[in-house]
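Everything below belongs to start33.cif, which stores mmCIF, C-alpha atoms.
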```
data_entry
loop_
_atom_site.group_PDB
_atom_site.id
_atom_site.type_symbol
_atom_site.label_atom_id
_atom_site.label_comp_id
_atom_site.auth_asym_id
_atom_site.auth_seq_id
_atom_site.Cartn_x
_atom_site.Cartn_y
_atom_site.Cartn_z
ATOM 1 C CA MET A 1 0.000 0.000 0.000
ATOM 2 C CA LEU A 2 2.698 2.480 1.035
ATOM 3 C CA SER A 3 6.342 2.090 0.043
ATOM 4 C CA VAL A 4 9.548 4.064 -0.213
ATOM 5 C CA ARG A 5 12.145 3.356 -2.895
ATOM 6 C CA ASN A 6 15.774 4.441 -2.808
ATOM 7 C CA LEU A 7 14.857 7.330 -0.530
ATOM 8 C CA CYS A 8 17.613 9.914 0.048
ATOM 9 C CA LYS A 9 17.560 13.223 1.887
ATOM 10 C CA ASP A 10 20.323 15.836 1.901
ATOM 11 C CA TYR A 11 20.625 19.036 3.909
ATOM 12 C CA GLN A 12 23.010 21.855 3.162
ATOM 13 C CA VAL A 13 25.095 22.809 6.214
ATOM 14 C CA GLY A 14 27.220 25.759 5.202
ATOM 15 C CA ARG A 15 29.267 24.541 2.253
ATOM 16 C CA ARG A 16 28.836 20.931 3.257
ATOM 17 C CA LYS A 17 26.102 18.591 2.071
ATOM 18 C CA LEU A 18 24.837 16.310 4.826
ATOM 19 C CA ARG A 19 23.106 13.096 3.731
ATOM 20 C CA VAL A 20 20.594 12.146 6.415
ATOM 21 C CA LEU A 21 18.960 9.259 4.530
ATOM 22 C CA ASP A 22 20.796 7.142 1.989
ATOM 23 C CA GLY A 23 18.915 4.756 -0.317
ATOM 24 C CA VAL A 24 16.186 3.493 2.038
ATOM 25 C CA SER A 25 13.604 1.104 0.544
ATOM 26 C CA PHE A 26 10.771 -0.880 2.147
ATOM 27 C CA SER A 27 6.991 -1.249 2.050
ATOM 28 C CA VAL A 28 4.184 -1.509 4.579
ATOM 29 C CA GLU A 29 1.003 -3.410 3.846
ATOM 30 C CA GLN A 30 -2.463 -2.068 4.507
ATOM 31 C CA GLY A 31 -3.716 -2.627 8.042
ATOM 32 C CA THR A 32 -0.358 -3.747 9.438
ATOM 33 C CA MET A 33 1.982 -2.190 11.976
ATOM 34 C CA LEU A 34 5.552 -1.213 11.114
ATOM 35 C CA SER A 35 8.108 -0.012 13.657
ATOM 36 C CA ILE A 36 11.128 2.090 12.694
ATOM 37 C CA GLU A 37 14.032 1.719 15.121
ATOM 38 C CA GLY A 38 17.544 3.065 15.410
ATOM 39 C CA PRO A 39 19.803 5.290 17.498
ATOM 40 C CA SER A 40 19.214 9.016 17.952
ATOM 41 C CA GLY A 41 20.232 10.961 14.867
ATOM 42 C CA ALA A 42 19.890 7.947 12.568
ATOM 43 C CA GLY A 43 17.280 9.644 10.362
ATOM 44 C CA LYS A 44 14.122 7.992 11.714
ATOM 45 C CA SER A 45 12.045 11.154 12.115
ATOM 46 C CA THR A 46 13.233 12.458 8.743
ATOM 47 C CA LEU A 47 12.074 9.196 7.183
ATOM 48 C CA LEU A 48 8.652 9.494 8.830
ATOM 49 C CA HIS A 49 8.269 13.092 7.618
ATOM 50 C CA LEU A 50 9.117 12.031 4.067
ATOM 51 C CA MET A 51 6.612 9.166 4.213
ATOM 52 C CA GLY A 52 3.886 11.611 5.265
ATOM 53 C CA ILE A 53 4.963 14.194 2.627
ATOM 54 C CA LEU A 54 5.741 16.748 5.314
ATOM 55 C CA ASP A 55 9.103 17.050 3.554
ATOM 56 C CA THR A 56 10.420 16.271 0.057
ATOM 57 C CA PRO A 57 13.195 13.738 -0.640
ATOM 58 C CA THR A 58 16.342 14.675 -2.518
ATOM 59 C CA GLU A 59 16.080 11.401 -4.423
ATOM 60 C CA GLY A 60 13.733 8.442 -4.497
ATOM 61 C CA GLN A 61 10.003 7.814 -4.356
ATOM 62 C CA VAL A 62 7.200 7.715 -1.802
ATOM 63 C CA LEU A 63 4.591 5.497 -3.396
ATOM 64 C CA TYR A 64 0.960 5.115 -2.443
ATOM 65 C CA GLY A 65 -0.111 2.388 -4.828
ATOM 66 C CA SER A 66 1.413 3.553 -8.102
ATOM 67 C CA ARG A 67 1.241 7.284 -7.270
ATOM 68 C CA ASP A 68 4.533 8.961 -6.330
ATOM 69 C CA LEU A 69 3.460 11.379 -3.596
ATOM 70 C CA ALA A 70 6.893 12.992 -3.458
ATOM 71 C CA ARG A 71 6.611 14.360 -7.003
ATOM 72 C CA LEU A 72 3.181 15.966 -6.719
ATOM 73 C CA SER A 73 2.693 19.728 -6.568
ATOM 74 C CA GLY A 74 2.453 21.386 -3.169
ATOM 75 C CA ARG A 75 -1.301 21.718 -3.494
ATOM 76 C CA GLU A 76 -1.707 18.072 -4.504
ATOM 77 C CA GLN A 77 0.493 16.973 -1.615
ATOM 78 C CA ALA A 78 -1.632 18.970 0.832
ATOM 79 C CA TYR A 79 -4.746 17.215 -0.488
ATOM 80 C CA TRP A 80 -3.294 13.714 -0.200
ATOM 81 C CA ARG A 81 -1.613 14.427 3.139
ATOM 82 C CA ASN A 82 -4.955 15.466 4.618
ATOM 83 C CA ARG A 83 -6.749 12.517 3.043
ATOM 84 C CA LEU A 84 -4.272 9.705 3.684
ATOM 85 C CA PHE A 85 -2.301 10.489 6.823
ATOM 86 C CA GLY A 86 -2.762 11.191 10.499
ATOM 87 C CA PHE A 87 0.196 12.327 12.617
ATOM 88 C CA VAL A 88 1.023 11.736 16.275
ATOM 89 C CA PHE A 89 4.146 13.380 17.703
ATOM 90 C CA GLN A 90 6.052 12.979 20.958
ATOM 91 C CA PHE A 91 5.281 16.510 22.138
ATOM 92 C CA TYR A 92 1.576 16.567 21.129
ATOM 93 C CA HIS A 93 1.600 19.951 19.284
ATOM 94 C CA LEU A 94 -1.816 20.937 20.607
ATOM 95 C CA LEU A 95 -2.943 24.570 20.347
ATOM 96 C CA ALA A 96 -2.836 26.021 23.842
ATOM 97 C CA ASP A 97 -5.792 28.415 23.444
ATOM 98 C CA PHE A 98 -8.127 25.751 22.043
ATOM 99 C CA SER A 99 -10.108 23.150 23.986
ATOM 100 C CA ALA A 100 -9.500 19.439 23.518
ATOM 101 C CA LEU A 101 -12.642 19.297 21.365
ATOM 102 C CA GLU A 102 -11.458 22.149 19.133
ATOM 103 C CA ASN A 103 -7.983 20.654 18.782
ATOM 104 C CA VAL A 104 -9.445 17.344 17.633
ATOM 105 C CA ALA A 105 -11.792 19.010 15.148
ATOM 106 C CA LEU A 106 -9.113 21.200 13.540
ATOM 107 C CA PRO A 107 -8.042 18.838 10.701
ATOM 108 C CA ALA A 108 -11.625 18.810 9.415
ATOM 109 C CA LEU A 109 -12.328 22.486 10.080
ATOM 110 C CA THR A 110 -9.308 23.633 8.072
ATOM 111 C CA THR A 111 -10.709 22.016 4.917
ATOM 112 C CA LEU A 112 -14.044 23.869 5.041
ATOM 113 C CA GLY A 113 -14.731 26.788 2.742
ATOM 114 C CA VAL A 114 -16.870 29.760 3.693
ATOM 115 C CA GLY A 115 -19.998 28.241 2.164
ATOM 116 C CA ARG A 116 -19.680 24.982 4.112
ATOM 117 C CA TRP A 117 -18.498 26.425 7.431
ATOM 118 C CA ARG A 118 -21.763 26.429 9.416
ATOM 119 C CA ARG A 119 -22.932 22.941 8.481
ATOM 120 C CA GLY A 120 -19.421 21.497 8.366
ATOM 121 C CA LYS A 121 -18.416 22.884 11.758
ATOM 122 C CA LYS A 122 -21.354 21.226 13.476
ATOM 123 C CA SER A 123 -20.546 17.885 11.849
ATOM 124 C CA ALA A 124 -16.826 18.185 12.657
ATOM 125 C CA LEU A 125 -17.455 18.954 16.320
ATOM 126 C CA ALA A 126 -19.854 16.016 16.576
ATOM 127 C CA ARG A 127 -17.221 13.644 15.171
ATOM 128 C CA ALA A 128 -14.582 15.167 17.460
ATOM 129 C CA ARG A 129 -16.776 14.376 20.472
ATOM 130 C CA GLU A 130 -17.137 10.779 19.298
ATOM 131 C CA LEU A 131 -13.360 10.458 18.943
ATOM 132 C CA LEU A 132 -12.753 11.900 22.407
ATOM 133 C CA GLU A 133 -15.166 9.306 23.747
ATOM 134 C CA THR A 134 -13.240 6.621 21.840
ATOM 135 C CA VAL A 135 -9.980 7.631 23.548
ATOM 136 C CA GLY A 136 -11.677 7.922 26.963
ATOM 137 C CA LEU A 137 -11.777 11.714 27.255
ATOM 138 C CA ALA A 138 -15.420 12.575 26.692
ATOM 139 C CA LYS A 139 -15.564 14.380 30.057
ATOM 140 C CA ARG A 140 -12.452 16.455 29.244
ATOM 141 C CA ALA A 141 -13.680 17.859 25.920
ATOM 142 C CA ASP A 142 -13.859 21.455 27.133
ATOM 143 C CA HIS A 143 -10.486 21.428 28.904
ATOM 144 C CA LYS A 144 -7.466 23.187 27.414
ATOM 145 C CA PRO A 145 -4.137 21.355 27.034
ATOM 146 C CA SER A 146 -2.694 23.010 30.160
ATOM 147 C CA GLN A 147 -5.477 21.372 32.177
ATOM 148 C CA LEU A 148 -4.648 17.869 30.915
ATOM 149 C CA SER A 149 -1.981 15.378 31.912
ATOM 150 C CA GLY A 150 0.664 14.213 29.441
ATOM 151 C CA GLY A 151 -1.216 10.994 28.752
ATOM 152 C CA GLU A 152 -4.458 12.887 28.229
ATOM 153 C CA ARG A 153 -2.778 15.277 25.800
ATOM 154 C CA GLN A 154 -1.435 12.352 23.805
ATOM 155 C CA ARG A 155 -4.931 10.852 23.679
ATOM 156 C CA VAL A 156 -6.228 14.157 22.324
ATOM 157 C CA ALA A 157 -3.426 14.097 19.731
ATOM 158 C CA ILE A 158 -4.403 10.569 18.685
ATOM 159 C CA ALA A 159 -8.059 11.576 18.385
ATOM 160 C CA ARG A 160 -7.007 14.574 16.271
ATOM 161 C CA ALA A 161 -4.928 12.298 14.027
ATOM 162 C CA LEU A 162 -8.012 10.134 13.448
ATOM 163 C CA MET A 163 -10.305 13.065 12.646
ATOM 164 C CA ASN A 164 -10.225 12.632 8.870
ATOM 165 C CA ALA A 165 -10.271 8.808 9.021
ATOM 166 C CA PRO A 166 -6.699 8.412 7.710
ATOM 167 C CA GLU A 167 -5.511 5.268 6.008
ATOM 168 C CA VAL A 168 -2.061 5.569 7.591
ATOM 169 C CA LEU A 169 -1.245 6.749 11.116
ATOM 170 C CA LEU A 170 2.356 8.014 11.416
ATOM 171 C CA CYS A 171 3.620 8.198 14.997
ATOM 172 C CA ASP A 172 6.939 9.717 16.079
ATOM 173 C CA GLU A 173 7.906 8.408 19.550
ATOM 174 C CA PRO A 174 4.270 8.512 20.766
ATOM 175 C CA THR A 175 5.218 7.192 24.237
ATOM 176 C CA GLY A 176 8.634 8.871 24.507
ATOM 177 C CA ASN A 177 7.438 11.715 26.734
ATOM 178 C CA LEU A 178 5.334 9.552 29.041
ATOM 179 C CA ASP A 179 5.927 7.364 32.084
ATOM 180 C CA SER A 180 5.927 3.608 31.458
ATOM 181 C CA ARG A 181 2.377 2.947 32.677
ATOM 182 C CA THR A 182 0.892 5.787 30.639
ATOM 183 C CA GLY A 183 2.996 4.670 27.664
ATOM 184 C CA GLN A 184 1.515 1.184 27.916
ATOM 185 C CA ASN A 185 -1.977 2.656 27.895
ATOM 186 C CA ILE A 186 -1.197 4.740 24.795
ATOM 187 C CA LEU A 187 0.246 1.664 23.057
ATOM 188 C CA ALA A 188 -2.891 -0.319 23.899
ATOM 189 C CA LEU A 189 -5.022 2.510 22.497
ATOM 190 C CA LEU A 190 -3.049 2.627 19.227
ATOM 191 C CA CYS A 191 -3.345 -1.140 18.821
ATOM 192 C CA ARG A 192 -7.081 -0.996 19.503
ATOM 193 C CA VAL A 193 -7.529 1.777 16.946
ATOM 194 C CA ARG A 194 -5.704 -0.307 14.354
ATOM 195 C CA GLU A 195 -7.804 -3.392 15.067
ATOM 196 C CA GLU A 196 -11.101 -1.490 14.968
ATOM 197 C CA THR A 197 -10.440 0.743 11.955
ATOM 198 C CA GLY A 198 -7.907 -1.180 9.838
ATOM 199 C CA THR A 199 -5.636 1.863 9.839
ATOM 200 C CA THR A 200 -2.016 1.173 8.907
ATOM 201 C CA LEU A 201 0.309 2.077 11.782
ATOM 202 C CA VAL A 202 3.906 3.285 11.312
ATOM 203 C CA VAL A 203 5.742 4.056 14.558
ATOM 204 C CA VAL A 204 9.202 5.528 15.171
ATOM 205 C CA THR A 205 10.206 4.232 18.584
ATOM 206 C CA HIS A 206 12.907 3.330 21.085
ATOM 207 C CA ASP A 207 10.338 1.354 23.072
ATOM 208 C CA PRO A 208 10.785 -2.457 22.777
ATOM 209 C CA MET A 209 7.133 -2.961 23.811
ATOM 210 C CA ILE A 210 5.982 -1.115 20.703
ATOM 211 C CA ALA A 211 8.422 -2.910 18.409
ATOM 212 C CA ALA A 212 7.217 -6.260 19.779
ATOM 213 C CA LYS A 213 3.669 -5.458 18.636
ATOM 214 C CA ALA A 214 4.707 -4.739 15.034
ATOM 215 C CA GLU A 215 4.497 -7.296 12.229
ATOM 216 C CA LYS A 216 7.579 -5.732 10.665
ATOM 217 C CA THR A 217 10.546 -3.708 11.903
ATOM 218 C CA VAL A 218 13.069 -1.684 9.938
ATOM 219 C CA HIS A 219 16.298 -0.606 11.588
ATOM 220 C CA ILE A 220 17.999 2.613 10.512
ATOM 221 C CA VAL A 221 21.647 3.428 11.315
ATOM 222 C CA ASP A 222 23.409 6.482 9.868
ATOM 223 C CA GLY A 223 20.599 6.974 7.387
ATOM 224 C CA ARG A 224 20.721 3.435 5.998
ATOM 225 C CA LEU A 225 18.503 0.434 6.351
ATOM 226 C CA VAL A 226 20.658 -2.188 8.056
ATOM 227 C CA GLU A 227 18.157 -4.744 9.292
ATOM 228 C CA ARG A 228 14.783 -6.015 8.179
ATOM 229 C CA GLN A 229 12.460 -8.398 10.007
#
```
Can the structure from this file be put into structure tokens for me?
Amino acid sequence: MLSVRNLCKDYQVGRRKLRVLDGVSFSVEQGTMLSIEGPSGAGKSTLLHLMGILDTPTEGQVLYGSRDLARLSGREQAYWRNRLFGFVFQFYHLLADFSALENVALPALTTLGVGRWRRGKKSALARARELLETVGLAKRADHKPSQLSGGERQRVAIARALMNAPEVLLCDEPTGNLDSRTGQNILALLCRVREETGTTLVVVTHDPMIAAKAEKTVHIVDGRLVERQ
């Protein structure tokens, strides 16, 4: 369903070209879980950003079916990114002045034009409430991020990532900022979401518990794929 082929990413540092990813290729099948492991600085987060077309590779392809997402125009990428992917990050990235409900609804609200705003907003907020109930936070819908614990914020972030019913959920160290018990609960929630929705799950992690749940693991060292299971 989703694959990367000969993926390379360079950054210019002064006069020096730094290659962060070097010829990475693998695929992930629909509905499965893939973990991406490796030491800090190996290029794992860069790889995840390229897979979700948050960034553009220097060389190589990001294929969804036969479509190369990396070579689409910026506008086309924005369309497919919003349609295909949900993102969960280690540090949540919730908007501080918005309630949990509003944060969850944002991915849908940003796609509404002026003519669809009134009807679309009501529908988006209703779905956001359902998702907060799914992640166990129905009673915290009106709370702002500062009023939530770290685990609760991550649950809000997961609900937000699911707002547009993505086909692929891309998670960058989703338990890395949490204590072990809360991390286990977040892992259980992600696995339940995958089982109930059939969403493909790609997780960058240092956590062996998460890697153990994945059908497939890729190991990145110095920007290269060195191990495949």
The PyMOL selection byres ((chain A and resi 50) around 12) resolved against shown file, as a PyMOL selection string:
chain A and resi 2-5+7-9+20-21+24+43-49+51-63+68-71+77+81+85+170
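Selection by the PyMOL selection byres ((chain A and resi 132) around 10) on the present file picks out A:Ala100, A:Leu101, A:Val104, A:Arg127, A:Ala128, A:Arg129, A:Glu130, A:Leu131, A:Glu133, A:Thr134, A:Val135, A:Gly136, A:Leu137, A:Ala138, A:Lys139, A:Arg140, A:Ala141, A:Arg155, A:Val156, A:Ala157, A:Ile158, A:Ala159, A:Arg160.
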Ranking A:Met209, A:Leu95, A:Leu187, A:Val218 by minimum distance to Ser27 (chain A) and counting only C-alpha atoms, which one comes first?
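Of all the options, A:Val218 lies closest to Ser27 (chain A).
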Quick one: residues within 10 Å of Leu225 (chain A), all atoms listed in the file counted, chain neighbours fewer than 3 positions away excluded, as a PyMOL selection string?
chain A and resi 21-26+36-38+42+218-222+228
Those same residues, written as a PDB file, keeping the file's coordinate frame with C-alpha atoms?
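Dumped everything to part.pdb:
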```pdb
ATOM      1  CA  LEU A  21      18.960   9.259   4.530  1.00  0.00           C
ATOM      2  CA  ASP A  22      20.796   7.142   1.989  1.00  0.00           C
ATOM      3  CA  GLY A  23      18.915   4.756  -0.317  1.00  0.00           C
ATOM      4  CA  VAL A  24      16.186   3.493   2.038  1.00  0.00           C
ATOM      5  CA  SER A  25      13.604   1.104   0.544  1.00  0.00           C
ATOM      6  CA  PHE A  26      10.771  -0.880   2.147  1.00  0.00           C
ATOM      7  CA  ILE A  36      11.128   2.090  12.694  1.00  0.00           C
ATOM      8  CA  GLU A  37      14.032   1.719  15.121  1.00  0.00           C
ATOM      9  CA  GLY A  38      17.544   3.065  15.410  1.00  0.00           C
ATOM     10  CA  ALA A  42      19.890   7.947  12.568  1.00  0.00           C
ATOM     11  CA  VAL A 218      13.069  -1.684   9.938  1.00  0.00           C
ATOM     12  CA  HIS A 219      16.298  -0.606  11.588  1.00  0.00           C
ATOM     13  CA  ILE A 220      17.999   2.613  10.512  1.00  0.00           C
ATOM     14  CA  VAL A 221      21.647   3.428  11.315  1.00  0.00           C
ATOM     15  CA  ASP A 222      23.409   6.482   9.868  1.00  0.00           C
ATOM     16  CA  ARG A 228      14.783  -6.015   8.179  1.00  0.00           C
TER      17      ARG A 228
END
```
Please enumerate the residues selected by the PyMOL selection byres ((chain A and resi 34) around 6) when evaluated against the supplied file, formatted as an NGL selection string.
:A and (33 or 35 or 202 or 214 or 216-217)
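Counting from CA of Gln12 (chain A), the distance to CA of Leu169 (chain A) is 29.7 Å.
The spacing separating CA of Pro107 (chain A) from CA of Ala124 (chain A) amounts to 9.0 Å.
Among the candidates A:Ser123, A:Thr32, A:Thr175, A:Thr199, the residue lying nearest to Gly86 (chain A) is A:Thr199 (atoms considered: only C-alpha atoms).
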For CA of His93 (chain A) and CA of Ala188 (chain A), determine how far apart the two atoms are, in Å to one decimal place.
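Those two atoms sit 21.3 Å apart.
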Can you report as JSON the centre and edge lengths in Å, to one decimal, of an axis-aligned box around the listed atoms of region 15-29 of chain A padded with 5 Å on each side?
```
{"center_x": 15.1, "center_y": 10.6, "center_z": 3.0, "size_x": 38.3, "size_y": 38.0, "size_z": 16.7}
```
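Ranking A:Gln90, A:Arg19, A:Gly31, A:Asp97 by their shortest atom-to-atom distance to Val193 (chain A), with only C-alpha atoms included, puts A:Gly31 first.
The shortest atom-to-atom distance to Thr111 (chain A), with all atoms listed in the file taken into account, belongs to A:Arg83 out of A:Arg192, A:His143, A:Arg83, A:Arg224.
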